[in-house]
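start_17.txt, holding compact mmCIF, C-alpha atoms:
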# COMPACT_ATOMS: atom_id res chain seq x y z
CA MET A 1 15.42 144.36 -182.89
CA ASP A 2 17.76 141.51 -183.87
CA LEU A 3 19.86 142.16 -180.81
CA ASP A 4 16.73 141.89 -178.62
CA LEU A 5 15.79 138.61 -180.27
CA ALA A 6 19.31 137.32 -179.80
CA ARG A 7 19.30 138.26 -176.13
CA GLN A 8 15.88 136.68 -175.56
CA ALA A 9 17.00 133.50 -177.30
CA GLN A 10 20.16 133.46 -175.25
CA ASP A 11 18.05 133.71 -172.09
CA GLY A 12 16.26 130.54 -173.13
CA ASP A 13 13.27 131.98 -174.97
CA GLU A 14 12.60 129.28 -177.56
CA SER A 15 10.08 131.33 -179.51
CA ALA A 16 12.69 134.06 -179.99
CA PHE A 17 15.13 131.59 -181.48
CA ALA A 18 12.38 130.05 -183.61
CA GLU A 19 11.74 133.54 -184.98
CA ILE A 20 15.45 133.92 -185.79
CA VAL A 21 15.36 130.60 -187.66
CA ARG A 22 12.25 131.62 -189.57
CA ARG A 23 13.60 135.03 -190.47
CA TYR A 24 17.09 134.01 -191.56
CA SER A 25 16.56 130.55 -193.07
CA PRO A 26 16.41 131.93 -196.64
CA ARG A 27 19.70 133.74 -196.15
CA VAL A 28 21.45 130.70 -194.63
CA PHE A 29 20.07 128.43 -197.36
CA SER A 30 21.32 130.87 -199.98
CA VAL A 31 24.84 130.72 -198.51
CA ALA A 32 24.76 126.92 -198.16
CA SER A 33 23.50 126.61 -201.75
CA ARG A 34 26.73 128.16 -202.96
CA PHE A 35 28.58 125.19 -201.57
CA PHE A 36 26.14 122.33 -202.05
CA ARG A 37 23.50 121.48 -204.62
CA GLN A 38 21.84 118.52 -202.92
CA ARG A 39 18.91 119.59 -200.77
CA SER A 40 19.85 117.17 -197.99
CA LEU A 41 23.34 118.67 -197.72
CA VAL A 42 22.05 122.22 -197.82
CA GLU A 43 19.55 121.45 -195.04
CA GLU A 44 22.19 119.67 -192.98
CA ALA A 45 24.54 122.64 -193.31
CA ALA A 46 21.78 125.14 -192.50
CA GLN A 47 20.76 123.21 -189.38
CA GLU A 48 24.38 123.07 -188.27
CA VAL A 49 24.64 126.83 -188.79
CA PHE A 50 21.64 127.57 -186.55
CA LEU A 51 22.82 125.20 -183.83
CA LYS A 52 26.23 126.87 -183.86
CA ALA A 53 24.63 130.30 -183.89
CA TYR A 54 22.59 129.37 -180.81
CA THR A 55 25.66 128.39 -178.83
CA GLN A 56 27.47 131.55 -179.97
CA LEU A 57 24.64 134.02 -179.41
CA GLY A 58 26.60 135.58 -176.57
CA SER A 59 29.32 136.67 -178.97
CA PHE A 60 26.90 138.76 -181.05
CA GLU A 61 27.30 142.25 -179.68
CA GLY A 62 25.05 144.05 -182.12
CA ARG A 63 27.85 146.09 -183.72
CA GLY A 64 27.21 144.71 -187.20
CA SER A 65 24.02 143.27 -188.60
CA PHE A 66 22.74 139.94 -187.29
CA GLU A 67 22.48 138.73 -190.88
CA GLY A 68 26.15 139.50 -191.48
CA TRP A 69 27.13 137.70 -188.28
CA LEU A 70 25.04 134.68 -189.26
CA THR A 71 26.38 134.73 -192.84
CA ARG A 72 29.90 134.48 -191.51
CA ILE A 73 28.99 131.49 -189.36
CA ALA A 74 27.25 129.92 -192.36
CA THR A 75 30.24 130.46 -194.64
CA ASN A 76 32.71 129.01 -192.16
CA THR A 77 30.46 126.06 -191.34
CA CYS A 78 30.05 125.19 -195.02
CA LEU A 79 33.77 125.59 -195.68
CA ASN A 80 34.51 123.21 -192.81
CA MET A 81 31.99 120.71 -194.13
CA ILE A 82 33.55 120.89 -197.60
CA ARG A 83 37.05 120.51 -196.20
CA GLY A 84 35.92 117.50 -194.21
CA ALA A 85 34.40 115.80 -197.23
CA LYS A 86 36.42 114.03 -199.86
CA ARG A 87 37.15 116.19 -202.88
CA ARG A 88 35.96 114.94 -206.18
CA PRO A 89 38.64 113.95 -208.65
CA GLU A 90 39.42 116.55 -211.27
CA SER A 91 36.94 116.63 -214.07
CA THR A 92 38.01 116.04 -217.61
CA VAL A 93 36.35 116.81 -220.89
CA SER A 94 35.42 113.18 -221.29
CA ASP A 95 33.34 113.50 -218.11
CA LEU A 96 30.97 115.96 -219.78
CA THR A 97 27.46 114.77 -220.37
CA ASN A 98 25.85 115.10 -223.77
CA ASP A 99 23.72 117.95 -222.48
CA GLU A 100 26.79 119.80 -221.28
CA GLN A 101 28.60 119.28 -224.59
CA ASN A 102 25.56 120.46 -226.52
CA TRP A 103 25.24 123.47 -224.29
CA LEU A 104 28.89 124.39 -224.85
CA GLU A 105 28.47 124.02 -228.59
CA GLN A 106 25.49 126.35 -228.47
CA GLN A 107 27.49 128.92 -226.55
CA SER A 108 30.41 128.97 -228.99
CA GLY A 109 29.96 132.06 -231.03
CA ASP A 110 26.51 132.69 -229.59
CA GLY A 111 26.44 136.10 -228.02
CA SER A 112 23.11 135.59 -226.28
CA GLU A 113 23.37 135.66 -222.52
CA ARG A 114 19.85 134.59 -221.66
CA LEU A 115 19.33 130.97 -220.77
CA SER A 116 16.22 128.84 -220.50
CA VAL A 117 15.46 127.12 -217.19
CA GLU A 118 16.64 123.80 -218.57
CA ASN A 119 19.83 125.31 -219.94
CA ASN A 120 20.38 127.04 -216.63
CA LEU A 121 20.49 123.66 -214.91
CA VAL A 122 22.94 122.29 -217.45
CA ALA A 123 25.09 125.39 -217.04
CA ALA A 124 24.96 125.08 -213.26
CA ASP A 125 26.06 121.43 -213.50
CA LEU A 126 28.90 122.47 -215.75
CA ALA A 127 29.87 125.20 -213.30
CA ASP A 128 30.00 122.64 -210.51
CA ARG A 129 32.22 120.43 -212.60
CA LEU A 130 34.61 123.28 -213.34
CA LEU A 131 34.52 124.74 -209.85
CA SER A 132 35.25 121.40 -208.22
CA VAL A 133 38.91 121.72 -209.20
CA LEU A 134 39.23 124.98 -207.24
CA PRO A 135 39.76 125.28 -203.49
CA PRO A 136 36.40 125.92 -201.75
CA GLU A 137 37.50 129.39 -200.64
CA ASP A 138 38.25 130.38 -204.25
CA GLN A 139 34.89 128.98 -205.38
CA GLN A 140 33.16 131.04 -202.75
CA ALA A 141 34.90 134.26 -203.75
CA LEU A 142 34.14 133.74 -207.43
CA LEU A 143 30.49 132.78 -206.92
CA MET A 144 29.87 135.81 -204.75
CA ILE A 145 31.66 138.35 -206.92
CA ASP A 146 30.97 137.11 -210.45
CA GLY A 147 27.78 135.22 -209.71
CA GLU A 148 26.01 137.52 -207.29
CA ASP A 149 27.73 140.84 -208.07
CA ALA A 150 28.95 141.16 -204.50
CA SER A 151 31.70 143.70 -203.86
CA ILE A 152 35.14 142.75 -202.54
CA LYS A 153 34.18 144.41 -199.26
CA GLU A 154 30.97 142.42 -198.95
CA VAL A 155 32.83 139.16 -199.52
CA ALA A 156 35.44 140.16 -196.97
CA GLU A 157 32.72 140.85 -194.41
CA ALA A 158 30.88 137.62 -195.12
CA THR A 159 33.97 135.46 -194.89
CA GLY A 160 36.18 137.31 -192.44
CA TRP A 161 39.04 137.39 -194.98
CA SER A 162 40.99 140.54 -195.77
CA GLU A 163 40.02 142.43 -198.94
CA SER A 164 43.36 141.67 -200.58
CA LYS A 165 42.86 137.98 -199.87
CA VAL A 166 39.43 138.13 -201.49
CA LYS A 167 40.89 139.86 -204.57
CA VAL A 168 43.65 137.27 -204.90
CA ARG A 169 41.24 134.38 -204.49
CA ALA A 170 38.79 135.77 -207.03
CA PHE A 171 41.53 136.56 -209.54
CA ARG A 172 43.05 133.11 -209.22
CA ALA A 173 39.69 131.38 -209.48
CA ARG A 174 38.60 133.43 -212.48
CA ARG A 175 41.80 132.73 -214.35
CA LYS A 176 41.67 128.99 -213.62
CA LEU A 177 38.05 128.80 -214.64
CA ARG A 178 38.68 130.74 -217.85
CA GLU A 179 41.62 128.48 -218.77
CA ALA A 180 39.59 125.36 -218.05
CA MET A 181 36.73 126.73 -220.12
CA GLU A 182 39.09 127.65 -222.96
CA ASN A 183 40.30 124.04 -223.00
CA LEU A 184 36.75 122.76 -222.98
CA LEU A 185 35.65 125.04 -225.80
CA GLY A 186 38.74 124.21 -227.86
CA HIS A 187 38.33 120.50 -227.23
CA ASN A 188 34.65 120.66 -228.00
CA SER A 189 35.10 122.52 -231.28
CA LYS A 190 37.81 120.07 -232.39
CA LYS A 191 35.51 117.21 -231.52
CA ALA A 192 32.67 118.82 -233.44
CA ASP A 193 34.98 119.37 -236.45
CA SER A 194 36.13 115.76 -236.44
CA LEU A 195 32.53 114.53 -236.20
CA ALA A 196 31.54 116.76 -239.10
CA GLY A 197 34.55 115.44 -241.07
CA GLU A 198 33.49 111.85 -240.41
CA GLN A 199 29.98 112.59 -241.63
CA VAL A 200 31.30 114.22 -244.83
CA ASN A 201 33.57 111.21 -245.48
CA ARG A 202 30.61 108.86 -245.15
CA MET B 1 43.25 148.63 -225.90
CA LYS B 2 43.54 147.42 -229.45
CA GLU B 3 47.28 146.99 -229.13
CA LYS B 4 47.14 145.64 -225.61
CA HIS B 5 46.15 142.05 -224.86
CA ILE B 6 42.99 141.77 -222.84
CA ILE B 7 43.64 138.61 -220.84
CA GLU B 8 44.58 140.56 -217.73
CA VAL B 9 41.40 142.63 -217.99
CA LEU B 10 39.35 139.44 -218.23
CA ASP B 11 41.01 137.90 -215.18
CA ASN B 12 40.82 141.04 -213.06
CA GLY B 13 37.03 141.15 -212.96
CA SER B 14 33.85 139.69 -214.33
CA ILE B 15 32.86 140.73 -217.84
CA SER B 16 29.59 141.96 -216.38
CA SER B 17 31.51 144.51 -214.31
CA LEU B 18 33.00 146.16 -217.42
CA SER B 19 31.48 149.36 -218.71
CA GLU B 20 29.96 149.45 -222.20
CA ILE B 21 33.00 151.31 -223.55
CA GLU B 22 35.43 148.82 -221.97
CA LEU B 23 33.39 145.92 -223.26
CA ASN B 24 33.44 147.30 -226.82
CA GLU B 25 37.20 147.73 -226.63
CA VAL B 26 37.58 144.16 -225.40
CA ARG B 27 35.39 142.86 -228.23
CA ASP B 28 37.27 144.92 -230.83
CA HIS B 29 40.56 143.53 -229.64
CA ALA B 30 39.21 139.98 -229.51
CA ARG B 31 38.10 140.23 -233.14
CA GLU B 32 41.63 141.02 -234.26
CA CYS B 33 43.70 138.94 -231.83
CA GLU B 34 43.26 135.19 -232.09
CA SER B 35 44.70 134.28 -228.68
CA CYS B 36 42.57 136.88 -226.93
CA ARG B 37 39.48 135.76 -228.85
CA GLY B 38 39.60 132.33 -227.21
CA ALA B 39 40.17 133.91 -223.82
CA TYR B 40 37.25 136.29 -224.29
CA GLU B 41 34.90 133.51 -225.39
CA ALA B 42 35.96 131.39 -222.41
CA ALA B 43 35.48 134.31 -220.00
CA ARG B 44 32.05 135.04 -221.46
CA VAL B 45 30.85 131.43 -221.16
CA SER B 46 32.44 131.14 -217.70
CA MET B 47 30.42 134.12 -216.58
CA LEU B 48 27.25 132.44 -217.85
CA VAL B 49 27.90 129.20 -215.98
CA ILE B 50 28.86 131.01 -212.80
CA ARG B 51 25.70 133.10 -212.92
CA SER B 52 23.60 129.99 -213.50
CA ARG B 53 25.29 128.26 -210.60
CA ALA B 54 24.78 131.26 -208.30
CA ALA B 55 21.12 131.41 -209.28
CA SER B 56 20.45 127.76 -208.43
CA THR B 57 19.64 128.21 -204.76
CA ILE B 58 17.54 125.91 -202.61
CA GLU B 59 14.68 127.33 -200.57
CA PRO B 60 14.06 126.15 -196.99
CA SER B 61 11.28 123.62 -196.61
CA PRO B 62 8.24 124.53 -194.43
CA PHE B 63 9.40 121.99 -191.84
CA PHE B 64 12.89 123.35 -191.51
CA GLN B 65 12.14 125.54 -188.50
CA THR B 66 10.53 122.62 -186.64
CA ARG B 67 13.47 120.41 -187.49
CA VAL B 68 15.99 122.93 -186.15
CA MET B 69 14.04 123.47 -182.94
CA ALA B 70 13.82 119.69 -182.39
CA ALA B 71 17.57 119.36 -182.97
CA LEU B 72 18.17 122.21 -180.55
CA ARG B 73 16.07 120.56 -177.82
CA GLU B 74 17.89 117.29 -178.38
CA GLN B 75 21.24 119.07 -178.11
CA GLN B 76 20.17 120.80 -174.91
CA ALA B 77 18.98 117.52 -173.42
CA VAL B 78 22.34 115.94 -174.14
CA GLU B 79 24.24 118.89 -172.71
CA SER B 80 22.19 118.93 -169.49
CA VAL B 81 23.41 115.45 -168.52
CA PRO B 82 26.77 115.41 -166.66
CA ALA B 83 29.73 114.26 -168.73
CA ILE B 84 30.44 111.21 -166.54
CA LEU B 85 26.84 110.07 -166.96
CA ARG B 86 27.02 110.57 -170.73
CA LEU B 87 30.22 108.52 -170.79
CA TRP B 88 28.51 105.81 -168.74
CA ARG B 89 25.50 105.79 -171.04
CA SER B 90 27.58 105.44 -174.14
CA SER B 91 29.80 102.71 -172.70
CA ARG B 92 27.16 100.98 -170.55
CA ALA B 93 26.63 98.04 -172.87
CA LEU B 94 30.33 97.40 -173.28
CA VAL B 95 31.12 97.66 -169.56
CA SER B 96 28.16 95.42 -168.64
CA SER B 97 29.13 92.72 -171.10
CA MET B 98 32.72 92.82 -169.85
CA ALA B 99 31.57 92.48 -166.23
CA VAL B 100 29.31 89.53 -167.05
CA THR B 101 32.11 87.78 -168.94
CA THR B 102 34.56 88.28 -166.06
CA ALA B 103 32.05 86.96 -163.52
CA ALA B 104 31.31 83.92 -165.68
CA LEU B 105 35.02 83.17 -166.01
CA ALA B 106 35.49 83.46 -162.23
CA VAL B 107 32.61 81.08 -161.56
CA LEU B 108 33.95 78.60 -164.06
CA SER B 109 37.46 78.67 -162.60
CA PHE B 110 36.23 78.12 -159.00
CA PHE B 111 33.45 75.57 -159.38
CA ILE B 112 34.23 73.41 -162.32
CA THR B 113 36.69 70.62 -161.38
CA ALA B 114 38.99 68.78 -163.71
CA PRO B 115 37.36 65.85 -165.60
CA ALA B 116 37.47 62.48 -163.79
CA THR B 117 40.53 60.40 -164.68
CA PRO B 118 40.77 56.63 -164.35
CA ALA B 119 41.88 55.65 -160.83
CA ALA B 120 45.57 54.94 -160.43
CA PRO B 121 46.23 51.22 -159.77
CA GLU B 122 48.08 51.83 -156.47
CA GLN B 123 45.18 53.86 -154.99
CA THR B 124 42.71 51.02 -155.54
CA ALA B 125 45.18 48.35 -154.61
CA SER B 126 45.62 49.77 -151.14
CA VAL B 127 42.02 48.84 -150.28
CA PHE B 128 42.83 45.16 -150.47
CA SER B 129 45.73 43.22 -148.97
CA ALA B 130 47.96 40.92 -151.01
CA ASP B 131 46.56 37.92 -149.17
CA SER B 132 42.97 38.80 -149.96
CA VAL B 133 43.92 39.25 -153.58
CA ILE B 134 45.68 35.91 -153.73
CA MET B 135 42.78 34.21 -151.98
CA GLY B 136 40.39 35.67 -154.51
CA GLN B 137 38.46 37.67 -151.88
CA ALA B 138 38.75 40.88 -153.86
CA GLY B 139 36.55 39.26 -156.44
CA GLU B 140 36.30 40.72 -159.86
CA GLU B 141 36.38 44.32 -158.68
CA MET B 142 40.09 44.66 -159.44
CA SER B 143 41.74 44.88 -162.77
CA TYR B 144 44.70 42.80 -163.73
CA GLU B 145 47.10 45.75 -163.21
CA GLN B 146 45.64 46.46 -159.75
CA VAL B 147 46.14 42.85 -158.68
CA LEU B 148 49.77 42.91 -159.82
CA SER B 149 50.59 46.22 -158.18
CA THR B 150 48.98 45.19 -154.85
CA ILE B 151 51.03 41.98 -154.66
CA TYR B 152 54.33 43.65 -155.67
CA GLU B 153 53.86 46.63 -153.34
CA GLU B 154 53.51 44.36 -150.34
CA ASP B 155 56.55 42.36 -151.41
CA GLU B 156 58.62 45.52 -151.69
CA ALA B 157 57.37 46.72 -148.28
CA ARG B 158 58.61 43.50 -146.69
Show me, as structure tokens, the structure contained in the file I just sent.
Amino acid sequence: MDLDLARQAQDGDESAFAEIVRRYSPRVFSVASRFFRQRSLVEEAAQEVFLKAYTQLGSFEGRGSFEGWLTRIATNTCLNMIRGAKRRPESTVSDLTNDEQNWLEQQSGDGSERLSVENNLVAADLADRLLSVLPPEDQQALLMIDGEDASIKEVAEATGWSESKVKVRAFRARRKLREAMENLLGHNSKKADSLAGEQVNR
Amino acid sequence: MKEKHIIEVLDNGSISSLSEIELNEVRDHARECESCRGAYEAARVSMLVIRSRAASTIEPSPFFQTRVMAALREQQAVESVPAILRLWRSSRALVSSMAVTTAALAVLSFFITAPATPAAPEQTASVFSADSVIMGQAGEEMSYEQVLSTIYEEDEAR
């Protein structure tokens, strides 16, 4: 079915390609959302993905799924866009917003793993801040495995990396993220202690 | 696992991938080991932020398909034009302005003469003879320098 659509689109059938765009936009947006949070950037990346896919339709031979083929194009396109853009400077604890600090304080010692919508946004912002210090490939591996419960094999297929490379990237990213979080939590609790001390002294 | 530190377990996979038994062992160890407690807390909160980040996806807008198809048509239109024509189109303004400037410079260099300079005394003096100058026939058309040069030139010629 997908192969037929791909062939029709390759032969210049616009409606066939429009159907591909309609069918796979959610998937491509989901991949692009891993890399970008601004709607404009996600849309730009997704459009780029479909334009690339159109020019490469001939290389889709129907061995794997069309979605997998498109996911790989999407991943590589987003990685290239990220590499081309300037990386943000490393975040520090002092960069945290009040919301993020409050959220971290709430999490310390709180075993609950359910978050409200508002807290989810704060947590996602915090994740971006922490992930920005990692290479984009490591971010990708961690978000897919720990964030979406993807298997090593699925990540390897989506990215075109070997399974051992995926494992190494995920391990490295997880450790860096944990260490950064440990620093944040430690820093935050010290800050909270000193604030409490100041209030007692007053 | 009580005797063994759990940091490696935490870095090897997400906490959510641990079984209930493994998770209990990790928690038991974390309660007793201070260094592992911090690592466990950090891993737990990291998992929460990563899951929140993974969940924050953006849905395609209803106009996205139209936008892509328009971009595709535009791309095809660009690709259908020969490369030399595309090059000409992109550099047309620059080339035209350069051609106009060159033509203007050529016209200026050919048709605009040097600004008029005051006539040299000897050129004007040659119109009149020394006699006519002395007799006052040249009138007031000649300057003092022209009168002098006309008289001396004739003297030298003799």
For chain B, report every residue with an atom at most 9 Å from chain A (counting only C-alpha atoms), formatted as a PyMOL selection string. chain B and resi 7-8+10-17+38-61+64-69+71-72+75
Specify the axis-aligned box that encloses all atoms of segment 14-29 of chain B listed in the file after padding of 4 Å on each side, stating its centre and edge lengths in Å to one decimal as AutoDock Vina command-line options.
--center_x 35.1 --center_y 145.5 --center_z -222.6 --size_x 19.0 --size_y 19.6 --size_z 24.5
Please provide the set of residues having any atom within 12 Å of Asp155 of chain B, restricted to only C-alpha atoms, with same-chain residues fewer than 3 positions apart removed, written as a list in words. Ser129, Ala130, Asp131, Leu148, Ser149, Thr150, Ile151, Tyr152 and Arg158 of chain B
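With all atoms listed in the file as the atoms that count, the residue of A:Tyr24, A:Phe60, A:Trp103, A:Phe66 with the shortest distance to Met1 of chain A is A:Phe66.
Interatomic distance, atom CA of Ala141 of chain A against atom CA of Val155 of chain A: 6.8 Å.
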Between atom CA of Val78 of chain B and atom CA of Glu61 of chain A lies a distance of 27.3 Å
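Computed from the coordinates, the atom CA of Arg169 of chain A to atom CA of Ser65 of chain A distance equals 25.1 Å.
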